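J.: I have a structure I would like to understand better, so I am pasting it below and will then ask my questions one at a time.
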Amino acid sequence: MEGNDPLLDPVRSAQYLLNLLDNENKVQLEKVSEGDKVFVKITFPEDGTVRQVKMLQPWGENGIWVPQDDVSAEVPEVIPGE
């Protein structure tokens with residue numbers, strides 16, 4: 001079951017929990033940092049909007065990923081952790 005559980009991957013978990021469309025022509029997700037807190041960049045190609053959300057594993061390194069904050073309205077110039 002673990003390999004198929006979207007909540008065990010930060011990008012797939014963001015897509016699933018934020019109810020984002022699974023269509024790269026409409027929504028693109030990219031992991032932009034590593035560690036116990038991961039930032040996922042969300043791009044909407046049709047209008048060029050870019051957002052980011054911080055994902056974390058509150059129950060340990062083998063646990064599920066959950067969004068910590070509201071989706072940020074703007075992506076900072078320097079992504080934390082880079």
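If you're wondering about the labels, chains in the structure tokens are A, B, ... by order shown, residues count from 1 in each chain, ligands from 1 in order shown.
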Which residues, written as a list in words, have at least one atom at most 8 Å from range 44-49 of chain A, with only C-alpha atoms counted and residues fewer than 4 positions away on the same chain left out?
T.: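 In the requested form, the answer reads Asn25, Lys26, Val27 and Gln28 of chain A.
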J.: With a distance cut-off of 8 Å and only C-alpha atoms, select the neighbouring residues of Val32 in chain A, excluding the residue or stretch itself and same-chain residues fewer than 6 positions from it, and output the selection as a PDB file with N, CA and C atoms, in the first residue's frame.
T.:
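result.pdb was written with the following content:
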ATOM      1  N   VAL A  38       9.215  20.650   3.128  1.00  0.00           N
ATOM      2  CA  VAL A  38       9.407  20.728   1.685  1.00  0.00           C
ATOM      3  C   VAL A  38       8.466  21.787   1.130  1.00  0.00           C
ATOM      4  N   PHE A  39       8.977  22.604   0.233  1.00  0.00           N
ATOM      5  CA  PHE A  39       8.131  23.559  -0.467  1.00  0.00           C
ATOM      6  C   PHE A  39       7.765  22.984  -1.823  1.00  0.00           C
ATOM      7  N   VAL A  40       6.480  23.056  -2.150  1.00  0.00           N
ATOM      8  CA  VAL A  40       5.980  22.596  -3.441  1.00  0.00           C
ATOM      9  C   VAL A  40       5.487  23.821  -4.208  1.00  0.00           C
ATOM     10  N   LYS A  41       6.067  24.011  -5.397  1.00  0.00           N
ATOM     11  CA  LYS A  41       5.655  25.122  -6.263  1.00  0.00           C
ATOM     12  C   LYS A  41       4.504  24.643  -7.142  1.00  0.00           C
ATOM     13  N   ILE A  79      14.054  30.490  -2.485  1.00  0.00           N
ATOM     14  CA  ILE A  79      13.268  29.460  -1.828  1.00  0.00           C
ATOM     15  C   ILE A  79      14.046  29.002  -0.584  1.00  0.00           C
TER      16      ILE A  79
END
J.: Using only C-alpha atoms, find the one residue out of A:Pro67, A:Glu30, A:Asn4, A:Asn62 that sits nearest to Val50 in chain A.
T.: A:Glu30
J.: Compile the contact shell of Leu17 in chain A as a ChimeraX atom specification: residues with an atom at most 9 Å away, counting only C-alpha atoms, same-chain residues fewer than 4 positions apart removed.
T.: /A:7,12-13,66-67
J.: Those same residues, written as a PDB file, in the first residue's frame with all heavy atoms?
T.:
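The file below, again29.pdb, is the result:
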ATOM      1  N   LEU A   7      -0.209  10.263  -0.012  1.00  0.00           N
ATOM      2  CA  LEU A   7       0.138  11.086   1.138  1.00  0.00           C
ATOM      3  C   LEU A   7       1.575  10.882   1.608  1.00  0.00           C
ATOM      4  O   LEU A   7       2.073  11.645   2.423  1.00  0.00           O
ATOM      5  CB  LEU A   7      -0.832  10.821   2.290  1.00  0.00           C
ATOM      6  CG  LEU A   7      -2.301  11.120   1.983  1.00  0.00           C
ATOM      7  CD1 LEU A   7      -3.157  10.783   3.188  1.00  0.00           C
ATOM      8  CD2 LEU A   7      -2.518  12.542   1.549  1.00  0.00           C
ATOM      9  N   ARG A  12       2.627  14.660  -4.448  1.00  0.00           N
ATOM     10  CA  ARG A  12       1.341  13.979  -4.650  1.00  0.00           C
ATOM     11  C   ARG A  12       0.361  14.300  -3.527  1.00  0.00           C
ATOM     12  O   ARG A  12      -0.844  14.436  -3.756  1.00  0.00           O
ATOM     13  CB  ARG A  12       1.563  12.471  -4.777  1.00  0.00           C
ATOM     14  CG  ARG A  12       2.265  12.108  -6.078  1.00  0.00           C
ATOM     15  CD  ARG A  12       2.589  10.626  -6.196  1.00  0.00           C
ATOM     16  NE  ARG A  12       1.383   9.824  -6.106  1.00  0.00           N
ATOM     17  CZ  ARG A  12       1.336   8.602  -5.595  1.00  0.00           C
ATOM     18  NH1 ARG A  12       2.430   8.042  -5.105  1.00  0.00           N
ATOM     19  NH2 ARG A  12       0.209   7.931  -5.550  1.00  0.00           N
ATOM     20  N   SER A  13       0.878  14.440  -2.303  1.00  0.00           N
ATOM     21  CA  SER A  13       0.024  14.790  -1.178  1.00  0.00           C
ATOM     22  C   SER A  13      -0.555  16.197  -1.346  1.00  0.00           C
ATOM     23  O   SER A  13      -1.741  16.417  -1.092  1.00  0.00           O
ATOM     24  CB  SER A  13       0.807  14.695   0.131  1.00  0.00           C
ATOM     25  OG  SER A  13      -0.027  14.949   1.226  1.00  0.00           O
ATOM     26  N   VAL A  66       1.631  16.751   4.936  1.00  0.00           N
ATOM     27  CA  VAL A  66       0.446  17.603   5.004  1.00  0.00           C
ATOM     28  C   VAL A  66       0.856  19.056   4.783  1.00  0.00           C
ATOM     29  O   VAL A  66       1.968  19.454   5.119  1.00  0.00           O
ATOM     30  CB  VAL A  66      -0.288  17.459   6.356  1.00  0.00           C
ATOM     31  CG1 VAL A  66      -0.846  16.062   6.530  1.00  0.00           C
ATOM     32  CG2 VAL A  66       0.597  17.821   7.519  1.00  0.00           C
ATOM     33  N   PRO A  67      -0.048  19.852   4.211  1.00  0.00           N
ATOM     34  CA  PRO A  67       0.246  21.287   4.065  1.00  0.00           C
ATOM     35  C   PRO A  67       0.300  21.932   5.445  1.00  0.00           C
ATOM     36  O   PRO A  67      -0.553  21.674   6.287  1.00  0.00           O
ATOM     37  CB  PRO A  67      -0.931  21.837   3.261  1.00  0.00           C
ATOM     38  CG  PRO A  67      -1.693  20.660   2.773  1.00  0.00           C
ATOM     39  CD  PRO A  67      -1.333  19.502   3.633  1.00  0.00           C
TER      40      PRO A  67
END
J.: Taking 5 positions as the minimum chain separation for residues in the same chain, which residues sit within 12 Å of Pro58 in chain A when counting only C-alpha atoms? Answer as a list in words.
T.: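 Residues meeting the cut-off are Leu8, Asp36, Lys37, Gly63, Ile64, Trp65, Val66, Pro67 and Gln68 of chain A.
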J.: Neighbouring residues of Gly35 in chain A were defined as those with any atom within 12 Å, considering only C-alpha atoms; residues of the same chain fewer than 2 positions away were excluded. Please report them as a PyMOL selection string.
T.: chain A and resi 10+31-33+37-39+54-57+60-61+65+80-82
J.: Please compute the CA of Glu34 in chain A-CA of Ala14 in chain A distance, one decimal, in Å.
T.: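 Pair CA of Glu34 in chain A / CA of Ala14 in chain A returns 14.8 Å.
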J.: Would you compute the distance between CA of Val53 in chain A and CA of Leu18 in chain A? Give it in Å to one decimal.
T.: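 A separation of 9.9 Å between them.
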J.: Please give the complete set of residues from range 1-80 of chain A that DSSP, run on the backbone, assigns to strand (DSSP E), formatted as a PyMOL selection string.
T.: chain A and resi 28-31+37-44+49-56+66-67
